[in-house]
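Before any comments, here is the structure.
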Amino acid sequence: MTLQELIRAAIKEDMPHGDVTTESLALKPRLGRARLKAKEDIVLSGAMAFEQSMQMLEPTCRVKWHFEEGDEILKNQIICTIEGDLVQILKAERVALNFLGHLSGIATHTRRFVKQITGTKTKILDTRKTTPAFRDLEKRAVVHGGGVNHRMNLSTAILIKDNHISVMGGITNAVNRVREYSQLPIEVEARTLDEVKEAVEMKAQRILLDNMDNETLKKAVAMVPAEIETEASGNMNLERVRSVAEIGVNYISVGALTHSAPCADVSLVFQWED
């Protein structure tokens with residue numbers, strides 16, 4: 001689904017039969033200015049979705065951005081100004097804020113994780129735990145926050161997970177079968193040290209160390225040669241992520257970046273003209 005299609009769907013969801021409140025007031029076009037204000041410290045993402053939501057209902061409006069996506073914005077700073085017919089901008093307000101607040105929330109949450117591991121070699125990865133139809137936007141927000149995208153979808157990369165291993169009767173069988181059909185690099189999920197050993201023997205390009213405590217992670221990383229990448233996953237939070245990075249894994253994947261990021265607190269302040 002394209003961004004334009006998402007915006008149209010969001011506006012239809014919000015106004016299936018028009019904005020009965022605004023339209024009942026019988027307001028004529030009113031030119032003026034609105035300012036988008038940060039009500040907390042945030043990292044900006046979703047600017048395009050915000051702007052195009054406004055332009056969907058007010059095509060002649062002009063948006064002037066004072067920051068770029070990925071920038072850190074402090075509480076009370078003005079993110080952008082919008083000039084145009086404020087009656088139409090008022091109708092678009094909630095949809096536009098929903099996009100920007102959600103995506104800036106992901107970028108802001110990601111930045112917190114990235115800052116926690118500053119000085120280590122580890123990178124923060126996202127997952128496929130995204131809102132249906134919003135994956136491209138949410139993964140872009142992760143990048144704005146300083147994170148790195150894992151596979152975009154099931155078509156772009158191979159990750160042999162526990163259920164694949166179970167149905168194939170083991171890692172060796174699963175890897176051999178995949179290599180019969182694809183030349184893509186292979187990542188294998190390992191839940192035990194025995195599985196780590198088997199994945200190393202099969203020369204997987206990356207091993208996902210799933211739901212291991214830190215002591216087990218240390219033993220697992222010590223078993224993996226330098227040419228094989230390691231990724232830690234499961235129960236990752238801001239309190240723990242630094243200690244995991246210091247073990248020396250290449251990546252830490254965090255589903256919470258997209259499925260549990262709080263919405264960034266922003267508001268639109270209108271300046272009506274007589």
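Residue numbers start at 1 in each chain; chains themselves are named A, B, ... in the order of the structure tokens; ligands are numbered from 1 in the order shown.
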
Per DSSP on the backbone, what are the strand (DSSP E or B) residues of stretch 117-269 of chain A, as JSON, numbers by chain?
{"A": [123, 124, 125, 148, 158, 159, 160, 186, 187, 188, 189, 190, 206, 207, 208, 209, 210, 229, 230, 231, 232, 233, 251, 252, 253, 266, 267, 268, 269]}

Could those residues be written to a file, using N, CA and C atoms, as a PDB file, in the first residue's frame?
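Contents of again04.pdb, freshly written:
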ATOM      1  N   LYS A 123      24.903  -3.086  16.798  1.00  0.00           N
ATOM      2  CA  LYS A 123      23.876  -2.268  16.166  1.00  0.00           C
ATOM      3  C   LYS A 123      22.494  -2.752  16.594  1.00  0.00           C
ATOM      4  N   ILE A 124      21.565  -1.805  16.673  1.00  0.00           N
ATOM      5  CA  ILE A 124      20.190  -2.104  17.055  1.00  0.00           C
ATOM      6  C   ILE A 124      19.368  -2.397  15.806  1.00  0.00           C
ATOM      7  N   LEU A 125      18.711  -3.564  15.799  1.00  0.00           N
ATOM      8  CA  LEU A 125      17.870  -3.989  14.678  1.00  0.00           C
ATOM      9  C   LEU A 125      16.392  -3.923  15.049  1.00  0.00           C
ATOM     10  N   VAL A 148      18.919  -0.015  12.641  1.00  0.00           N
ATOM     11  CA  VAL A 148      19.179  -0.677  11.363  1.00  0.00           C
ATOM     12  C   VAL A 148      18.013  -1.604  11.058  1.00  0.00           C
ATOM     13  N   ILE A 158      16.600 -14.937   4.329  1.00  0.00           N
ATOM     14  CA  ILE A 158      16.312 -16.252   4.909  1.00  0.00           C
ATOM     15  C   ILE A 158      16.638 -16.243   6.402  1.00  0.00           C
ATOM     16  N   LEU A 159      15.663 -16.603   7.199  1.00  0.00           N
ATOM     17  CA  LEU A 159      15.850 -16.785   8.632  1.00  0.00           C
ATOM     18  C   LEU A 159      15.150 -18.079   9.028  1.00  0.00           C
ATOM     19  N   ILE A 160      15.953 -19.095   9.345  1.00  0.00           N
ATOM     20  CA  ILE A 160      15.418 -20.398   9.744  1.00  0.00           C
ATOM     21  C   ILE A 160      15.127 -20.348  11.243  1.00  0.00           C
ATOM     22  N   ILE A 186      22.205 -17.273   4.930  1.00  0.00           N
ATOM     23  CA  ILE A 186      21.282 -17.952   5.842  1.00  0.00           C
ATOM     24  C   ILE A 186      21.532 -17.512   7.278  1.00  0.00           C
ATOM     25  N   GLU A 187      20.461 -17.099   7.926  1.00  0.00           N
ATOM     26  CA  GLU A 187      20.488 -16.856   9.366  1.00  0.00           C
ATOM     27  C   GLU A 187      19.710 -17.978  10.038  1.00  0.00           C
ATOM     28  N   VAL A 188      20.261 -18.477  11.145  1.00  0.00           N
ATOM     29  CA  VAL A 188      19.638 -19.584  11.870  1.00  0.00           C
ATOM     30  C   VAL A 188      19.376 -19.161  13.309  1.00  0.00           C
ATOM     31  N   GLU A 189      18.179 -19.446  13.782  1.00  0.00           N
ATOM     32  CA  GLU A 189      17.856 -19.194  15.183  1.00  0.00           C
ATOM     33  C   GLU A 189      18.361 -20.352  16.041  1.00  0.00           C
ATOM     34  N   ALA A 190      19.025 -20.012  17.137  1.00  0.00           N
ATOM     35  CA  ALA A 190      19.526 -21.033  18.068  1.00  0.00           C
ATOM     36  C   ALA A 190      19.029 -20.704  19.472  1.00  0.00           C
ATOM     37  N   ARG A 206      24.735 -15.974   9.791  1.00  0.00           N
ATOM     38  CA  ARG A 206      24.415 -15.272  11.044  1.00  0.00           C
ATOM     39  C   ARG A 206      23.640 -16.222  11.937  1.00  0.00           C
ATOM     40  N   ILE A 207      23.893 -16.124  13.237  1.00  0.00           N
ATOM     41  CA  ILE A 207      23.171 -16.951  14.210  1.00  0.00           C
ATOM     42  C   ILE A 207      22.400 -16.033  15.145  1.00  0.00           C
ATOM     43  N   LEU A 208      21.104 -16.262  15.222  1.00  0.00           N
ATOM     44  CA  LEU A 208      20.241 -15.507  16.121  1.00  0.00           C
ATOM     45  C   LEU A 208      20.193 -16.244  17.456  1.00  0.00           C
ATOM     46  N   LEU A 209      20.704 -15.619  18.494  1.00  0.00           N
ATOM     47  CA  LEU A 209      20.757 -16.213  19.831  1.00  0.00           C
ATOM     48  C   LEU A 209      19.482 -15.800  20.565  1.00  0.00           C
ATOM     49  N   ASP A 210      18.546 -16.729  20.644  1.00  0.00           N
ATOM     50  CA  ASP A 210      17.191 -16.381  21.048  1.00  0.00           C
ATOM     51  C   ASP A 210      16.926 -16.654  22.521  1.00  0.00           C
ATOM     52  N   GLU A 229      28.212 -13.752  11.893  1.00  0.00           N
ATOM     53  CA  GLU A 229      27.626 -12.684  12.701  1.00  0.00           C
ATOM     54  C   GLU A 229      26.719 -13.266  13.787  1.00  0.00           C
ATOM     55  N   THR A 230      26.583 -12.515  14.877  1.00  0.00           N
ATOM     56  CA  THR A 230      25.691 -12.921  15.962  1.00  0.00           C
ATOM     57  C   THR A 230      24.641 -11.853  16.204  1.00  0.00           C
ATOM     58  N   GLU A 231      23.450 -12.315  16.536  1.00  0.00           N
ATOM     59  CA  GLU A 231      22.325 -11.424  16.820  1.00  0.00           C
ATOM     60  C   GLU A 231      21.623 -11.924  18.077  1.00  0.00           C
ATOM     61  N   ALA A 232      21.510 -11.075  19.066  1.00  0.00           N
ATOM     62  CA  ALA A 232      20.790 -11.426  20.292  1.00  0.00           C
ATOM     63  C   ALA A 232      19.360 -10.921  20.200  1.00  0.00           C
ATOM     64  N   SER A 233      18.426 -11.740  20.671  1.00  0.00           N
ATOM     65  CA  SER A 233      17.015 -11.372  20.574  1.00  0.00           C
ATOM     66  C   SER A 233      16.252 -11.964  21.748  1.00  0.00           C
ATOM     67  N   TYR A 251      24.625  -7.681  16.593  1.00  0.00           N
ATOM     68  CA  TYR A 251      23.312  -7.046  16.515  1.00  0.00           C
ATOM     69  C   TYR A 251      22.465  -7.423  17.721  1.00  0.00           C
ATOM     70  N   ILE A 252      21.564  -6.513  18.068  1.00  0.00           N
ATOM     71  CA  ILE A 252      20.510  -6.813  19.034  1.00  0.00           C
ATOM     72  C   ILE A 252      19.195  -6.424  18.370  1.00  0.00           C
ATOM     73  N   SER A 253      18.289  -7.392  18.209  1.00  0.00           N
ATOM     74  CA  SER A 253      16.996  -7.088  17.611  1.00  0.00           C
ATOM     75  C   SER A 253      15.976  -6.831  18.717  1.00  0.00           C
ATOM     76  N   VAL A 266       2.888  15.633  20.459  1.00  0.00           N
ATOM     77  CA  VAL A 266       2.972  16.860  19.647  1.00  0.00           C
ATOM     78  C   VAL A 266       1.575  17.452  19.543  1.00  0.00           C
ATOM     79  N   SER A 267       1.504  18.744  19.232  1.00  0.00           N
ATOM     80  CA  SER A 267       0.193  19.381  19.089  1.00  0.00           C
ATOM     81  C   SER A 267       0.246  20.441  18.000  1.00  0.00           C
ATOM     82  N   LEU A 268      -0.912  20.749  17.461  1.00  0.00           N
ATOM     83  CA  LEU A 268      -1.032  21.765  16.413  1.00  0.00           C
ATOM     84  C   LEU A 268      -1.753  22.973  16.997  1.00  0.00           C
ATOM     85  N   VAL A 269      -1.097  24.112  16.960  1.00  0.00           N
ATOM     86  CA  VAL A 269      -1.639  25.351  17.527  1.00  0.00           C
ATOM     87  C   VAL A 269      -2.065  26.255  16.376  1.00  0.00           C
TER      88      VAL A 269
END

Would you kindly return, as an NGL selection string, each protein, DNA or RNA residue with an atom no farther than 12 Å from any atom of A:Thr21, considering only C-alpha atoms and excluding same-chain residues fewer than 4 positions away?
:A and (15 or 17 or 25-27 or 87 or 90-91)

Please run DSSP on the backbone and report, as a VMD selection string, all residues within stretch 26-194 of chain A that come out as alpha helix (DSSP H).
chain A and resid 47 to 57 86 to 116 135 to 144 162 to 168 171 to 181 193 to 194

Out of A:Ala107, A:Val221, A:Leu44, A:Ala9, which residue has the shortest atom-to-atom distance to A:Val143 when counting only C-alpha atoms?
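Of the candidates, the smallest distance to A:Val143 is held by A:Ala107.
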
Tell me which protein, DNA and RNA residues are within 12 Å of A:Pro132, counting only C-alpha atoms, leaving out same-chain ones fewer than 3 positions away, and put them as number ranges by chain.
A: 1, 6, 128-129, 135-138, 153, 258-259

Please produce a file of those selected residues containing C-alpha atoms, as a PDB file, in the first residue's frame.
ATOM      1  CA  MET A   1       0.000   0.000   0.000  1.00  0.00           C
ATOM      2  CA  LEU A   6      -2.715   4.888   3.525  1.00  0.00           C
ATOM      3  CA  ARG A 128       8.762  -7.700  11.497  1.00  0.00           C
ATOM      4  CA  LYS A 129       6.573  -6.922  14.526  1.00  0.00           C
ATOM      5  CA  ARG A 135       5.970  -1.543   7.789  1.00  0.00           C
ATOM      6  CA  ASP A 136       7.824   0.741   5.361  1.00  0.00           C
ATOM      7  CA  LEU A 137       6.972   3.827   7.403  1.00  0.00           C
ATOM      8  CA  GLU A 138       7.821   2.199  10.727  1.00  0.00           C
ATOM      9  CA  ASN A 153       9.657  -9.091   4.596  1.00  0.00           C
ATOM     10  CA  THR A 258       7.850  -0.836  16.596  1.00  0.00           C
ATOM     11  CA  HIS A 259       5.272  -2.716  18.655  1.00  0.00           C
TER      12      HIS A 259
END

In Å, rounded to a single decimal, give me how far atom CA of A:Ser53 is from atom CA of A:His109.
23.7 Å

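Comparing A:Ser182, A:Gly18, A:Ser104, A:Leu3 by their smallest distance to A:Ala38, the closest is A:Ser104 (using only C-alpha atoms).
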
Near A:Leu193, counting only C-alpha atoms, which residues have an atom at most 9 Å away, once you skip same-chain residues fewer than 5 positions from it, shown as an MDAnalysis selection string?
chainID A and resid 198 216:217 219:220 223

Output N, CA and C atoms of each residue in that selection to a file, as a short mmCIF file (atom, residue, chain, number, x, y, z; two decimals), in the first residue's frame.
data_model
loop_
_atom_site.label_atom_id
_atom_site.label_comp_id
_atom_site.auth_asym_id
_atom_site.auth_seq_id
_atom_site.Cartn_x
_atom_site.Cartn_y
_atom_site.Cartn_z
N GLU A 198 25.69 -26.51 16.25
CA GLU A 198 25.25 -27.07 14.98
C GLU A 198 25.19 -26.01 13.89
N THR A 216 24.66 -17.33 29.28
CA THR A 216 24.58 -18.23 28.13
C THR A 216 25.01 -17.51 26.86
N LEU A 217 24.65 -16.25 26.74
CA LEU A 217 25.07 -15.46 25.58
C LEU A 217 26.60 -15.39 25.49
N LYS A 219 28.79 -17.57 26.55
CA LYS A 219 29.29 -18.86 26.10
C LYS A 219 29.01 -19.05 24.61
N ALA A 220 27.84 -18.60 24.17
CA ALA A 220 27.47 -18.74 22.76
C ALA A 220 28.39 -17.91 21.86
N MET A 223 31.69 -19.35 21.15
CA MET A 223 31.68 -20.51 20.26
C MET A 223 31.64 -20.13 18.77
#

Among the residues A:Ala226, A:His102, A:Gln55, A:Thr131, the one that comes closest to A:Asn250 [using only C-alpha atoms]:
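Answer, going by the shortest atom-to-atom distance: A:Ala226.
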
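Taking only C-alpha atoms into account, A:Val95 lies nearest to A:Gly46 out of the set A:Asn173, A:Ser24, A:His150, A:Gly46.
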
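One distance worth recording is that between atom CA of A:Val63 and atom CA of A:Ser45, which is 15.3 Å.
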
Measuring atom to atom with only C-alpha atoms, identify which of A:Leu36, A:Cys263, A:Val200, A:Ala245 is nearest to A:Lys115.
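Closest candidate: A:Ala245.
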
Using only C-alpha atoms, can you tell me which of A:Ala141, A:Ile73, A:Leu257, A:Ile247 comes closest to A:Ala222?
A:Ile247
